[in-house]
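Here's model38.cif, which has mmCIF, C-alpha atoms, pLDDT in the B column; chains and numbers go by the auth columns:
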data_data
loop_
_atom_site.group_PDB
_atom_site.id
_atom_site.type_symbol
_atom_site.label_atom_id
_atom_site.label_comp_id
_atom_site.label_asym_id
_atom_site.label_seq_id
_atom_site.Cartn_x
_atom_site.Cartn_y
_atom_site.Cartn_z
_atom_site.B_iso_or_equiv
_atom_site.auth_seq_id
_atom_site.auth_asym_id
ATOM 1 C CA MET A 1 24.090 -66.264 7.867 49.00 26 A
ATOM 2 C CA THR A 2 21.270 -66.888 5.364 53.00 27 A
ATOM 3 C CA GLU A 3 22.830 -70.159 4.299 56.00 28 A
ATOM 4 C CA ARG A 4 22.820 -71.341 7.914 57.00 29 A
ATOM 5 C CA ARG A 5 19.141 -70.424 8.345 59.00 30 A
ATOM 6 C CA VAL A 6 18.188 -72.354 5.267 65.00 31 A
ATOM 7 C CA GLY A 7 20.109 -75.306 6.664 75.00 32 A
ATOM 8 C CA VAL A 8 18.281 -75.174 10.012 78.00 33 A
ATOM 9 C CA ALA A 9 14.888 -74.778 8.310 75.00 34 A
ATOM 10 C CA GLU A 10 15.657 -77.708 6.027 81.00 35 A
ATOM 11 C CA VAL A 11 16.673 -79.921 8.968 81.00 36 A
ATOM 12 C CA MET A 12 13.576 -78.920 10.968 81.00 37 A
ATOM 13 C CA LYS A 13 11.374 -79.820 7.999 82.00 38 A
ATOM 14 C CA TYR A 14 12.797 -83.362 7.986 83.00 39 A
ATOM 15 C CA VAL A 15 12.570 -83.693 11.763 85.00 40 A
ATOM 16 C CA ILE A 16 8.901 -82.703 11.755 89.00 41 A
ATOM 17 C CA PHE A 17 8.231 -85.068 8.861 85.00 42 A
ATOM 18 C CA ALA A 18 9.889 -87.942 10.795 86.00 43 A
ATOM 19 C CA VAL A 19 7.839 -87.159 13.914 88.00 44 A
ATOM 20 C CA ILE A 20 4.600 -87.200 11.897 89.00 45 A
ATOM 21 C CA ILE A 21 5.516 -90.530 10.283 87.00 46 A
ATOM 22 C CA GLY A 22 6.379 -91.986 13.699 81.00 47 A
ATOM 23 C CA TYR A 23 3.054 -90.794 15.111 81.00 48 A
ATOM 24 C CA VAL A 24 1.093 -92.355 12.240 82.00 49 A
ATOM 25 C CA VAL A 25 2.935 -95.665 12.636 76.00 50 A
ATOM 26 C CA LEU A 26 2.214 -95.754 16.387 69.00 51 A
ATOM 27 C CA LEU A 27 -1.403 -94.820 15.791 69.00 52 A
ATOM 28 C CA LEU A 28 -1.819 -97.638 13.286 66.00 53 A
ATOM 29 C CA MET A 29 -0.130 -100.124 15.605 61.00 54 A
ATOM 30 C CA PHE A 30 -2.385 -99.353 18.546 60.00 55 A
ATOM 31 C CA THR A 31 -5.690 -99.061 16.685 59.00 56 A
ATOM 32 C CA SER A 32 -5.262 -101.903 14.272 58.00 57 A
ATOM 33 C CA GLY A 33 -6.597 -105.350 14.874 60.00 58 A
ATOM 34 C CA SER A 34 -4.764 -108.590 14.570 64.00 59 A
ATOM 35 C CA SER A 35 -4.333 -111.344 12.046 73.00 60 A
ATOM 36 C CA ARG A 36 -4.375 -113.913 14.849 85.00 61 A
ATOM 37 C CA SER A 37 -7.299 -116.269 15.166 91.00 62 A
ATOM 38 C CA PHE A 38 -9.840 -115.994 17.957 94.00 63 A
ATOM 39 C CA ASP A 39 -8.635 -119.271 19.449 95.00 64 A
ATOM 40 C CA GLU A 40 -5.042 -117.998 19.719 94.00 65 A
ATOM 41 C CA VAL A 41 -6.103 -114.775 21.426 94.00 66 A
ATOM 42 C CA ALA A 42 -8.617 -116.574 23.670 96.00 67 A
ATOM 43 C CA ASP A 43 -6.006 -119.149 24.744 96.00 68 A
ATOM 44 C CA SER A 44 -3.617 -116.364 25.700 95.00 69 A
ATOM 45 C CA VAL A 45 -6.260 -114.535 27.737 96.00 70 A
ATOM 46 C CA ARG A 46 -7.532 -117.785 29.286 96.00 71 A
ATOM 47 C CA GLY A 47 -3.991 -118.617 30.411 95.00 72 A
ATOM 48 C CA ALA A 48 -3.762 -115.350 32.363 96.00 73 A
ATOM 49 C CA LEU A 49 -7.103 -115.724 34.159 96.00 74 A
ATOM 50 C CA ASP A 50 -7.444 -116.663 37.801 92.00 75 A
ATOM 51 C CA THR A 51 -9.575 -119.771 37.300 91.00 76 A
ATOM 52 C CA GLU A 52 -9.990 -120.244 41.040 92.00 77 A
ATOM 53 C CA THR A 53 -12.270 -117.213 41.191 93.00 78 A
ATOM 54 C CA LEU A 54 -13.514 -117.146 37.585 96.00 79 A
ATOM 55 C CA THR A 55 -15.498 -119.869 35.824 96.00 80 A
ATOM 56 C CA GLU A 56 -16.148 -120.194 32.111 97.00 81 A
ATOM 57 C CA MET A 57 -19.759 -119.275 31.442 97.00 82 A
ATOM 58 C CA ASN A 58 -22.096 -120.588 28.754 97.00 83 A
ATOM 59 C CA ASP A 59 -24.009 -118.830 25.980 96.00 84 A
ATOM 60 C CA GLN A 60 -27.103 -118.470 28.160 97.00 85 A
ATOM 61 C CA ALA A 61 -25.155 -116.508 30.778 97.00 86 A
ATOM 62 C CA LEU A 62 -23.848 -114.184 28.049 97.00 87 A
ATOM 63 C CA LYS A 63 -27.401 -113.589 26.823 98.00 88 A
ATOM 64 C CA ARG A 64 -28.758 -113.104 30.360 96.00 89 A
ATOM 65 C CA ASN A 65 -25.984 -110.762 31.522 96.00 90 A
ATOM 66 C CA PHE A 66 -25.212 -108.756 28.377 97.00 91 A
ATOM 67 C CA GLY A 67 -28.161 -109.364 26.065 97.00 92 A
ATOM 68 C CA LEU A 68 -25.749 -110.674 23.408 97.00 93 A
ATOM 69 C CA ASN A 69 -26.159 -113.842 21.355 97.00 94 A
ATOM 70 C CA SER A 70 -22.843 -115.673 20.938 96.00 95 A
ATOM 71 C CA ALA A 71 -23.904 -117.066 17.542 97.00 96 A
ATOM 72 C CA ASP A 72 -23.772 -113.509 16.157 97.00 97 A
ATOM 73 C CA TYR A 73 -19.996 -113.304 16.650 97.00 98 A
ATOM 74 C CA ASP A 74 -16.887 -115.070 15.351 96.00 99 A
ATOM 75 C CA GLY A 75 -15.875 -115.990 18.875 97.00 100 A
ATOM 76 C CA VAL A 76 -16.828 -115.437 22.504 98.00 101 A
ATOM 77 C CA LEU A 77 -14.911 -116.147 25.700 98.00 102 A
ATOM 78 C CA TYR A 78 -16.812 -115.308 28.887 98.00 103 A
ATOM 79 C CA TYR A 79 -15.606 -115.945 32.427 98.00 104 A
ATOM 80 C CA ALA A 80 -17.334 -114.717 35.576 97.00 105 A
ATOM 81 C CA ALA A 81 -17.322 -115.343 39.297 96.00 106 A
ATOM 82 C CA GLU A 82 -19.816 -117.994 40.345 92.00 107 A
ATOM 83 C CA SER A 83 -20.787 -115.964 43.380 91.00 108 A
ATOM 84 C CA SER A 84 -23.409 -113.278 42.842 88.00 109 A
ATOM 85 C CA MET A 85 -21.569 -111.269 45.507 92.00 110 A
ATOM 86 C CA SER A 86 -18.650 -110.708 43.121 94.00 111 A
ATOM 87 C CA ALA A 87 -18.608 -108.334 40.148 96.00 112 A
ATOM 88 C CA GLU A 88 -15.587 -110.025 38.565 97.00 113 A
ATOM 89 C CA GLU A 89 -15.942 -111.045 34.927 98.00 114 A
ATOM 90 C CA VAL A 90 -13.887 -111.154 31.744 98.00 115 A
ATOM 91 C CA LEU A 91 -15.322 -111.078 28.236 98.00 116 A
ATOM 92 C CA LEU A 92 -13.551 -111.386 24.897 98.00 117 A
ATOM 93 C CA ILE A 93 -15.519 -111.116 21.655 98.00 118 A
ATOM 94 C CA LYS A 94 -14.434 -111.215 18.038 97.00 119 A
ATOM 95 C CA VAL A 95 -17.049 -109.408 15.953 96.00 120 A
ATOM 96 C CA LYS A 96 -17.959 -110.378 12.400 94.00 121 A
ATOM 97 C CA SER A 97 -18.343 -106.779 11.216 92.00 122 A
ATOM 98 C CA ASP A 98 -17.488 -103.261 12.338 88.00 123 A
ATOM 99 C CA ASP A 99 -21.200 -102.558 12.802 91.00 124 A
ATOM 100 C CA GLN A 100 -21.248 -104.918 15.794 96.00 125 A
ATOM 101 C CA VAL A 101 -18.594 -103.016 17.742 94.00 126 A
ATOM 102 C CA GLN A 102 -21.013 -100.312 18.878 96.00 127 A
ATOM 103 C CA GLU A 103 -23.636 -102.906 19.803 97.00 128 A
ATOM 104 C CA VAL A 104 -21.179 -104.756 22.030 97.00 129 A
ATOM 105 C CA THR A 105 -19.678 -101.651 23.651 97.00 130 A
ATOM 106 C CA ASP A 106 -23.188 -100.377 24.424 97.00 131 A
ATOM 107 C CA ALA A 107 -23.981 -103.724 26.084 97.00 132 A
ATOM 108 C CA LEU A 108 -20.769 -103.519 28.130 97.00 133 A
ATOM 109 C CA ASN A 109 -21.556 -100.003 29.323 97.00 134 A
ATOM 110 C CA GLU A 110 -25.104 -101.011 30.208 97.00 135 A
ATOM 111 C CA ARG A 111 -23.758 -103.994 32.153 97.00 136 A
ATOM 112 C CA ILE A 112 -21.446 -101.730 34.149 96.00 137 A
ATOM 113 C CA GLU A 113 -24.298 -99.358 35.002 96.00 138 A
ATOM 114 C CA THR A 114 -26.633 -102.192 36.012 94.00 139 A
ATOM 115 C CA ARG A 115 -24.016 -103.831 38.194 95.00 140 A
ATOM 116 C CA LEU A 116 -22.999 -100.502 39.762 94.00 141 A
ATOM 117 C CA ASP A 117 -26.609 -99.939 40.800 92.00 142 A
ATOM 118 C CA ALA A 118 -26.683 -103.403 42.348 91.00 143 A
ATOM 119 C CA PHE A 119 -23.374 -103.137 44.245 93.00 144 A
ATOM 120 C CA GLU A 120 -23.216 -99.479 45.298 86.00 145 A
ATOM 121 C CA GLY A 121 -25.145 -99.812 48.516 83.00 146 A
ATOM 122 C CA TYR A 122 -23.691 -102.949 50.033 86.00 147 A
ATOM 123 C CA ALA A 123 -20.411 -103.858 48.335 91.00 148 A
ATOM 124 C CA PRO A 124 -18.291 -100.746 47.754 92.00 149 A
ATOM 125 C CA GLU A 125 -15.168 -102.779 46.872 94.00 150 A
ATOM 126 C CA GLU A 126 -17.081 -104.482 44.039 94.00 151 A
ATOM 127 C CA ALA A 127 -18.467 -101.121 42.885 93.00 152 A
ATOM 128 C CA LYS A 128 -14.884 -99.815 42.742 94.00 153 A
ATOM 129 C CA LYS A 129 -13.906 -102.711 40.456 95.00 154 A
ATOM 130 C CA LEU A 130 -16.797 -101.791 38.164 95.00 155 A
ATOM 131 C CA GLU A 131 -15.768 -98.139 38.106 94.00 156 A
ATOM 132 C CA ASN A 132 -12.284 -99.275 37.044 95.00 157 A
ATOM 133 C CA ALA A 133 -13.526 -101.734 34.422 96.00 158 A
ATOM 134 C CA ASN A 134 -11.039 -102.268 31.624 95.00 159 A
ATOM 135 C CA GLN A 135 -12.344 -102.124 28.035 96.00 160 A
ATOM 136 C CA SER A 136 -10.454 -102.260 24.778 94.00 161 A
ATOM 137 C CA VAL A 137 -11.429 -102.435 21.115 92.00 162 A
ATOM 138 C CA ARG A 138 -8.625 -103.596 18.831 90.00 163 A
ATOM 139 C CA GLY A 139 -9.819 -104.211 15.292 87.00 164 A
ATOM 140 C CA GLU A 140 -12.331 -107.069 15.441 92.00 165 A
ATOM 141 C CA PHE A 141 -11.550 -107.916 19.081 94.00 166 A
ATOM 142 C CA ILE A 142 -13.367 -106.441 22.073 96.00 167 A
ATOM 143 C CA PHE A 143 -11.980 -107.040 25.548 97.00 168 A
ATOM 144 C CA PHE A 144 -13.736 -106.319 28.853 98.00 169 A
ATOM 145 C CA ALA A 145 -12.569 -107.072 32.393 98.00 170 A
ATOM 146 C CA VAL A 146 -13.917 -106.252 35.832 97.00 171 A
ATOM 147 C CA SER A 147 -11.396 -107.479 38.352 96.00 172 A
ATOM 148 C CA SER A 148 -8.678 -106.419 40.720 94.00 173 A
ATOM 149 C CA GLN A 149 -6.392 -108.082 38.136 96.00 174 A
ATOM 150 C CA ALA A 150 -7.985 -106.356 35.127 95.00 175 A
ATOM 151 C CA GLU A 151 -4.698 -104.711 34.117 95.00 176 A
ATOM 152 C CA ASP A 152 -2.937 -108.082 34.016 96.00 177 A
ATOM 153 C CA TYR A 153 -5.738 -109.584 31.935 96.00 178 A
ATOM 154 C CA ARG A 154 -5.622 -106.600 29.574 96.00 179 A
ATOM 155 C CA ALA A 155 -1.844 -106.964 29.224 95.00 180 A
ATOM 156 C CA ALA A 156 -2.310 -110.630 28.258 95.00 181 A
ATOM 157 C CA PHE A 157 -4.890 -109.556 25.676 94.00 182 A
ATOM 158 C CA ASP A 158 -2.600 -106.862 24.241 90.00 183 A
ATOM 159 C CA ARG A 159 0.353 -109.278 24.027 92.00 184 A
ATOM 160 C CA SER A 160 -1.780 -111.861 22.246 90.00 185 A
ATOM 161 C CA LEU A 161 -2.511 -109.594 19.279 83.00 186 A
#
In structure tokens, how does this file's structure come out?
Amino acid sequence: MTERRVGVAEVMKYVIFAVIIGYVVLLLMFTSGSSRSFDEVADSVRGALDTETLTEMNDQALKRNFGLNSADYDGVLYYAAESSMSAEEVLLIKVKSDDQVQEVTDALNERIETRLDAFEGYAPEEAKKLENANQSVRGEFIFFAVSSQAEDYRAAFDRSL
């Protein structure tokens, strides 16, 4: 009987060890960045975008809307709806250093709050898109989407890494 207990305890020890290793591997996979270039990731995201409703925006629009200077980053892709009646926008940034991640995420959160204040009273469907904004930080890449298709855009971003 004691020999059997030792056997079960020994097996359980290895099972728990395997589960911990599997958890660490998954954690590293989903929090790590990517060795892909900004252009490769941006091309993948750009290919998934609905370019009939979204237009590529310039550096001035990024500065005006988010308070961010594109020259401070390794890469910026910014698409938004031309109409001021739409909250839809997609932003992809590759930061130069980890210190910039907090700066960018703060700007994204501020943008959501500002736009929510603007849309809450007269465009509830746009406010709902803002409430469901999709954000992701994966290594040096920061992804942000406000759209009814935000999940699709996020999936394209995740696949590109």
Which residues are near Asn159 of chain A? Cut-off 9 Å, all atoms listed in the file, ignore same chain within fewer than 6 positions. Put them as a ChimeraX atom specification. /A:168-172,175-176,179
Spell out the residues picked by the PyMOL selection byres ((chain A and resi 103-112) around 6) here, as a list in words.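 Listing what the PyMOL selection byres ((chain A and resi 103-112) around 6) selects in the shown file: Thr78, Leu79, Thr80, Glu81, Met82, Leu102, Glu113, Glu114, Val115, Leu116 and Glu151 of chain A.
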Separation of atom CA of Asp97 of chain A from atom CA of Ala132 of chain A in Å: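 These two atoms are separated by 13.9 Å.
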If we count all atoms listed in the file and set the cut-off at 9 Å, which residues sit around Val70 of chain A, ignoring sequence neighbours fewer than 2 positions away in its own chain? Please answer as a PDB file with C-alpha atoms, keeping the file's coordinate frame.
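To be explicit, this is the file written out as out-v4.pdb:
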ATOM      1  CA  GLU A  65      -5.042-117.998  19.719  1.00 94.00           C
ATOM      2  CA  VAL A  66      -6.103-114.775  21.426  1.00 94.00           C
ATOM      3  CA  ALA A  67      -8.617-116.574  23.670  1.00 96.00           C
ATOM      4  CA  ASP A  68      -6.006-119.149  24.744  1.00 96.00           C
ATOM      5  CA  GLY A  72      -3.991-118.617  30.411  1.00 95.00           C
ATOM      6  CA  ALA A  73      -3.762-115.350  32.363  1.00 96.00           C
ATOM      7  CA  LEU A  74      -7.103-115.724  34.159  1.00 96.00           C
ATOM      8  CA  LEU A 117     -13.551-111.386  24.897  1.00 98.00           C
ATOM      9  CA  TYR A 178      -5.738-109.584  31.935  1.00 96.00           C
ATOM     10  CA  ARG A 179      -5.622-106.600  29.574  1.00 96.00           C
ATOM     11  CA  ALA A 180      -1.844-106.964  29.224  1.00 95.00           C
ATOM     12  CA  ALA A 181      -2.310-110.630  28.258  1.00 95.00           C
ATOM     13  CA  PHE A 182      -4.890-109.556  25.676  1.00 94.00           C
ATOM     14  CA  SER A 185      -1.780-111.861  22.246  1.00 90.00           C
TER      15      SER A 185
END
Do you know which residues the PyMOL selection byres ((chain A and resi 93) around 12) returns on this file, as a count of residues only? 30
Report the distance between atom CA of Gln127 of chain A and atom CA of Ala158 of chain A in Å, rounded to one decimal place. 17.3 Å
At what distance in Å, to one decimal, does atom CA of Ile137 of chain A lie from atom CA of Lys121 of chain A?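 Calculated distance between atom CA of Lys121 of chain A and atom CA of Ile137 of chain A is 23.7 Å.
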Which one of A:Glu150, A:Asp142, A:Asp124, A:Asp99 sits closest to Ser173 of chain A if you count all atoms listed in the file?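 Answer, going by the shortest atom-to-atom distance: A:Glu150.
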For Asp75 of chain A, the nearest of the candidates A:Asp177, A:Gln160, A:Leu186, A:Ile46, counting all atoms listed in the file: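 That would be A:Asp177, the residue with the smallest distance to Asp75 of chain A.
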